[in-house]
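Coordinates as given in start.txt (compact mmCIF, C-alpha atoms):
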# COMPACT_ATOMS: atom_id res chain seq x y z
CA MET A 1 88.62 29.59 -9.40
CA THR A 2 91.14 30.71 -6.92
CA SER A 3 91.13 34.29 -5.78
CA GLN A 4 94.35 36.19 -5.94
CA ARG A 5 95.35 38.43 -3.07
CA ALA A 6 96.42 41.90 -4.05
CA PRO A 7 99.94 42.74 -2.99
CA GLU A 8 100.21 44.98 0.05
CA ARG A 9 101.02 48.56 -0.83
CA GLY A 10 103.50 50.49 1.26
CA PRO A 11 102.89 54.09 2.18
CA SER A 12 103.43 56.64 -0.51
CA GLU A 13 106.31 59.09 -0.25
CA SER A 14 103.89 61.85 0.76
CA GLU A 15 102.32 59.68 3.46
CA ALA A 16 105.71 58.68 4.81
CA ALA A 17 106.80 62.28 4.91
CA GLY A 18 103.69 63.13 6.91
CA THR A 19 104.54 60.68 9.68
CA GLN A 20 108.10 61.85 10.21
CA GLN A 21 108.75 64.28 13.08
CA PRO A 22 110.64 67.46 12.17
CA ARG A 23 114.20 67.40 13.42
CA ARG A 24 115.67 70.42 15.17
CA SER A 25 119.29 71.21 14.68
CA THR A 26 121.48 70.78 17.75
CA GLY A 27 122.71 74.36 17.41
CA ALA A 28 119.20 75.84 17.44
CA VAL A 29 118.24 73.86 20.54
CA TRP A 30 121.43 74.96 22.32
CA LEU A 31 120.83 78.62 21.45
CA ARG A 32 117.24 78.42 22.65
CA GLU A 33 118.16 76.82 25.97
CA THR A 34 121.01 79.29 26.51
CA ALA A 35 118.71 82.23 25.83
CA ILE A 36 116.15 80.91 28.32
CA ILE A 37 118.83 80.49 31.01
CA LEU A 38 120.27 83.98 30.44
CA VAL A 39 116.90 85.72 30.42
CA SER A 40 115.85 83.83 33.56
CA ALA A 41 119.12 84.79 35.28
CA PHE A 42 118.68 88.45 34.35
CA ILE A 43 115.09 88.52 35.59
CA LEU A 44 116.03 86.79 38.85
CA SER A 45 118.98 89.13 39.37
CA PHE A 46 116.80 92.17 38.72
CA LEU A 47 114.13 90.98 41.17
CA VAL A 48 116.73 90.24 43.85
CA LYS A 49 118.34 93.67 43.37
CA THR A 50 115.00 95.46 43.41
CA PHE A 51 113.42 93.77 46.42
CA LEU A 52 116.06 91.89 48.43
CA VAL A 53 119.78 92.59 48.04
CA GLN A 54 121.93 95.11 46.19
CA ALA A 55 125.70 95.42 45.84
CA PHE A 56 127.60 98.66 46.48
CA PHE A 57 131.24 99.62 46.60
CA ILE A 58 132.92 101.84 49.18
CA PRO A 59 134.24 105.04 47.59
CA SER A 60 135.97 106.74 50.54
CA ALA A 61 137.74 106.32 53.88
CA SER A 62 134.85 107.61 56.03
CA MET A 63 134.00 104.14 57.39
CA GLU A 64 137.53 102.88 58.09
CA ASP A 65 138.53 100.55 59.59
CA THR A 66 135.20 98.74 59.34
CA LEU A 67 135.03 99.35 55.59
CA VAL A 68 137.88 100.58 53.44
CA GLU A 69 137.91 102.22 50.06
CA GLY A 70 137.30 99.64 47.34
CA ASP A 71 135.37 97.16 49.49
CA ARG A 72 132.27 95.62 47.92
CA VAL A 73 129.31 95.09 50.21
CA LEU A 74 125.80 93.67 50.03
CA VAL A 75 122.84 95.64 51.34
CA SER A 76 119.60 94.08 52.57
CA LYS A 77 116.57 95.97 51.29
CA LEU A 78 114.40 94.34 53.91
CA THR A 79 115.74 96.90 56.43
CA PRO A 80 114.06 99.30 56.75
CA GLY A 81 110.82 97.65 55.73
CA PRO A 82 109.81 94.28 57.12
CA PHE A 83 112.67 94.72 59.61
CA GLU A 84 113.36 97.85 61.66
CA LEU A 85 116.52 99.89 61.78
CA HIS A 86 118.59 99.74 64.97
CA ARG A 87 121.29 101.92 66.45
CA GLY A 88 124.60 100.60 65.19
CA ASP A 89 123.33 99.46 61.77
CA ILE A 90 125.47 100.43 58.78
CA VAL A 91 123.20 101.83 56.09
CA VAL A 92 123.42 102.99 52.50
CA PHE A 93 121.27 106.02 51.79
CA LYS A 94 120.56 108.39 48.97
CA ASP A 95 122.09 111.85 49.33
CA PRO A 96 119.41 113.97 51.06
CA GLY A 97 120.85 117.01 49.31
CA GLY A 98 124.27 118.65 49.34
CA TRP A 99 126.17 115.89 51.13
CA LEU A 100 128.11 114.76 48.07
CA PRO A 101 130.32 117.12 46.07
CA SER A 102 129.87 117.12 42.33
CA SER A 103 132.72 115.17 40.75
CA PRO A 104 133.48 114.36 37.13
CA ARG A 105 132.59 110.86 36.03
CA ALA A 106 135.25 108.62 34.52
CA GLU A 107 134.95 108.70 30.75
CA ARG A 108 133.80 105.50 29.05
CA GLY A 109 132.99 104.72 25.47
CA ALA A 110 129.32 104.88 24.52
CA VAL A 111 129.00 101.10 24.26
CA ALA A 112 130.90 100.45 27.51
CA GLU A 113 128.73 103.01 29.33
CA LYS A 114 125.50 101.38 28.12
CA VAL A 115 126.74 97.92 29.08
CA ASN A 116 127.79 99.20 32.52
CA GLN A 117 124.41 100.85 33.09
CA ALA A 118 122.54 97.72 32.02
CA LEU A 119 124.56 95.38 34.25
CA THR A 120 124.19 97.75 37.21
CA TRP A 121 120.44 98.08 36.58
CA ILE A 122 119.90 94.33 36.72
CA GLY A 123 122.26 93.96 39.69
CA LEU A 124 125.22 92.17 38.14
CA LEU A 125 127.54 95.10 38.89
CA PRO A 126 127.75 97.02 42.18
CA GLN A 127 126.01 100.38 42.36
CA ASP A 128 128.45 103.25 42.04
CA SER A 129 128.62 106.01 44.65
CA GLY A 130 127.19 108.72 42.42
CA GLU A 131 124.31 109.62 44.73
CA HIS A 132 124.69 107.26 47.69
CA LEU A 133 126.57 107.35 50.98
CA ILE A 134 127.27 104.77 53.68
CA LYS A 135 127.33 105.57 57.41
CA ARG A 136 126.41 104.07 60.77
CA VAL A 137 123.08 104.80 62.46
CA VAL A 138 123.75 106.39 65.85
CA GLY A 139 120.36 107.96 66.60
CA LEU A 140 116.80 106.86 65.85
CA PRO A 141 113.69 109.07 65.63
CA GLY A 142 113.22 110.97 68.89
CA ASP A 143 116.74 110.26 70.21
CA GLN A 144 118.79 113.10 71.66
CA VAL A 145 122.31 112.72 70.24
CA ALA A 146 125.03 115.00 71.59
CA SER A 147 128.74 115.50 72.17
CA GLU A 148 130.73 118.25 73.86
CA GLY A 149 133.36 117.91 71.14
CA SER A 150 137.15 117.97 71.59
CA GLY A 151 137.17 114.17 71.75
CA ALA A 152 134.28 113.83 74.19
CA PRO A 153 132.11 110.72 73.82
CA VAL A 154 128.86 110.75 71.91
CA THR A 155 125.78 110.39 74.09
CA VAL A 156 122.38 109.06 73.11
CA ASN A 157 119.53 110.08 75.41
CA GLY A 158 122.16 111.06 77.96
CA GLU A 159 124.01 107.71 77.89
CA PRO A 160 127.68 107.82 76.76
CA ILE A 161 128.40 105.33 73.99
CA ASP A 162 131.49 103.12 74.07
CA GLU A 163 132.03 102.73 70.31
CA PRO A 164 134.32 99.75 69.59
CA TYR A 165 134.11 100.26 65.82
CA LEU A 166 135.86 103.64 65.74
CA ALA A 167 139.06 103.82 63.73
CA GLU A 168 142.17 103.40 65.88
CA GLY A 169 143.28 106.67 67.44
CA VAL A 170 140.15 108.53 66.29
CA ALA A 171 138.11 110.46 68.89
CA PRO A 172 134.32 110.07 69.06
CA SER A 173 133.81 113.69 67.94
CA ASP A 174 135.90 116.81 67.65
CA ASN A 175 132.73 118.77 66.91
CA SER A 176 130.18 119.76 69.52
CA PHE A 177 126.49 119.23 68.78
CA ASP A 178 123.23 118.53 70.53
CA ILE A 179 120.21 117.54 68.46
CA THR A 180 116.96 115.63 68.72
CA VAL A 181 116.39 113.36 65.73
CA PRO A 182 113.13 114.36 64.03
CA PRO A 183 110.37 111.83 63.31
CA GLY A 184 111.00 109.61 60.30
CA SER A 185 114.75 110.27 60.30
CA VAL A 186 118.06 108.88 61.60
CA TRP A 187 121.33 110.44 62.74
CA VAL A 188 124.34 108.89 60.98
CA MET A 189 128.08 109.07 61.57
CA GLY A 190 131.14 107.53 59.94
CA ASP A 191 133.44 105.22 61.91
CA ASN A 192 136.43 107.32 60.84
CA ARG A 193 135.14 110.43 62.59
CA SER A 194 138.06 112.66 61.63
CA ASP A 195 137.45 111.95 57.93
CA SER A 196 133.66 111.73 57.70
CA ALA A 197 131.41 114.58 56.58
CA ASP A 198 128.41 113.00 58.31
CA SER A 199 125.33 114.37 60.10
CA ARG A 200 127.49 116.65 62.27
CA PHE A 201 128.50 118.69 59.24
CA HIS A 202 124.96 119.29 57.98
CA LEU A 203 123.34 120.84 61.04
CA GLY A 204 122.26 123.83 58.95
CA ASP A 205 120.64 121.70 56.24
CA PRO A 206 116.94 120.79 56.14
CA GLY A 207 116.42 118.14 58.82
CA GLY A 208 119.34 119.47 60.87
CA GLY A 209 121.73 116.81 59.59
CA SER A 210 119.36 113.89 60.08
CA VAL A 211 118.63 111.62 57.11
CA PRO A 212 115.03 110.74 56.16
CA ILE A 213 114.42 107.02 56.55
CA ASP A 214 112.78 107.12 53.12
CA ASN A 215 116.26 107.83 51.72
CA VAL A 216 117.72 104.67 53.25
CA VAL A 217 118.30 102.00 50.59
CA GLY A 218 119.06 99.26 53.08
CA MET A 219 121.34 97.83 55.76
CA THR A 220 124.82 96.59 54.93
CA PHE A 221 125.32 93.07 56.22
CA VAL A 222 128.34 91.49 54.52
CA LYS A 223 131.61 92.33 52.79
CA VAL A 224 132.05 90.25 49.65
CA TRP A 225 135.20 91.68 48.05
CA PRO A 226 138.15 91.56 48.21
CA LEU A 227 138.25 87.96 49.33
CA ASP A 228 140.72 88.56 52.15
CA ARG A 229 138.25 91.01 53.72
CA MET A 230 135.10 88.95 53.21
CA GLY A 231 132.94 88.66 56.31
CA LEU A 232 129.70 89.51 58.05
CA LEU A 233 129.06 93.00 59.37
CA ARG A 234 127.42 92.54 62.75
CA ASN A 235 125.53 95.17 64.68
CA PRO A 236 127.50 96.13 67.84
CA SER A 237 124.34 95.96 69.93
CA ASP A 238 126.24 95.90 73.24
CA ALA A 239 127.44 99.44 72.60
CA TYR A 240 123.84 100.68 72.71
CA ALA A 241 122.41 98.25 75.25
CA GLU A 242 122.22 100.83 78.07
CA VAL A 243 120.66 103.60 75.96
CA PRO A 244 117.24 104.50 77.42
CA ASP A 245 114.23 105.17 75.26
CA PRO A 246 113.79 108.80 74.25
CA SER A 247 111.78 110.81 76.73
Could the structure of this file be written out as structure tokens, please?
Amino acid sequence: MTSQRAPERGPSESEAAGTQQPRRSTGAVWLRETAIILVSAFILSFLVKTFLVQAFFIPSASMEDTLVEGDRVLVSKLTPGPFELHRGDIVVFKDPGGWLPSSPRAERGAVAEKVNQALTWIGLLPQDSGEHLIKRVVGLPGDQVASEGSGAPVTVNGEPIDEPYLAEGVAPSDNSFDITVPPGSVWVMGDNRSDSADSRFHLGDPGGGSVPIDNVVGMTFVKVWPLDRMGLLRNPSDAYAEVPDPS
């Protein structure tokens, strides 16, 4: 008697269904990958803005001709911090109180205002000038900074400063002053001295016109916009090379 071999049985429909891998739609995959990229970019931009670099725009003529109104600049937040401030550095700092006049903000729609705030917060738009100023550091803590006014040069610790960055035809100082920068502060002046309400104009304020270093956001190191003005902002160290240490 010959034995008959049972025919081979293929997998049932339920078994076959269990072995198939679920298929994702191309659109869902694309949306997921795009979301990951955008969130990663936002997080990276926020971290860079918070700890390394922040963008600002120049709102006035006080730093001409080095910086003109409308320029966009990048500020390194590593100075002050890991790196020290130096005489000649251009810094952005928070208003120590009473330096900036109150001015009406440009009206935006509610949605546009929220979008602007969000993009500024994460660093994709430059910080506005609402509570910040930009000037050049002329005196460090302990320095004696002075001028006899009427166009006389500025001196630091008794040494006259040859300031190559001053706007053309602008005198070093029309105002007379003589101060010693207090500990933990800096003395700042605009390059366009005749149009800069800088430390000289706040002698009667707390700190005698000096700005607390804690208010300094960072050091400006490059112009990024407009393109025809793009370039590095170098410290004119030669101008301060002969300045002695404070006594």
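All protein, DNA and RNA residues at most 10 Å from (119.3, 104.6, 77.3) are Asp143, Thr155, Val156, Asn157, Gly158, Glu159, Pro160, Ile161, Tyr240, Ala241, Glu242, Val243, Pro244, Asp245, Pro246 and Ser247 of chain A, using all atoms listed in the file.
Atom pair CA of Ala55 (chain A) / CA of Val216 (chain A): separated by 14.3 Å.
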Just the residues within 8 Å of region 77-83 of chain A, please, counting all atoms listed in the file, with nothing from its chain fewer than 5 positions along; format it as a ChimeraX atom specification. /A:51-54,213,216-219
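Ranking A:Asn192, A:Thr34, A:Ser185, A:Ser210 by their shortest atom-to-atom distance to Val68 (chain A), with all atoms listed in the file included, puts A:Asn192 first.
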Write out as a PyMOL selection string each polymer residue whose atoms come within 12 Å of Asn215 (chain A), counting all atoms listed in the file; drop sequence neighbours fewer than 4 positions from it. chain A and resi 77+79-80+91-97+131-134+184-186+210-211+219
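Going from CA of Asp214 (chain A) over to CA of Val181 (chain A), you cover 14.5 Å.
Comparing A:Asn175, A:Ser60, A:Val73, A:Pro236 by their smallest distance to Val138 (chain A), the closest is A:Pro236 (using all atoms listed in the file).
Considering the residues A:Lys135, A:His202, A:Arg32, A:Arg229 and counting only C-alpha atoms, Gly88 (chain A) has its shortest atom-to-atom contact with A:Lys135.
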Please report, as JSON, the centre and edge lengths in Å to one decimal of an axis-aligned box covering all listed atoms of region 72-80 of chain A with 4 Å per side.
{"center_x": 123.2, "center_y": 96.5, "center_z": 52.3, "size_x": 26.2, "size_y": 13.6, "size_z": 16.8}
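From CA of Ile90 (chain A) back to CA of Arg72 (chain A), the distance works out to 13.7 Å.
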Quick one: residues within 8 Å of (135.8, 99.8, 59.9) (file frame), counting all atoms listed in the file, please, as a VMD selection string. chain A and resid 63 to 68 165 to 167 191 to 192
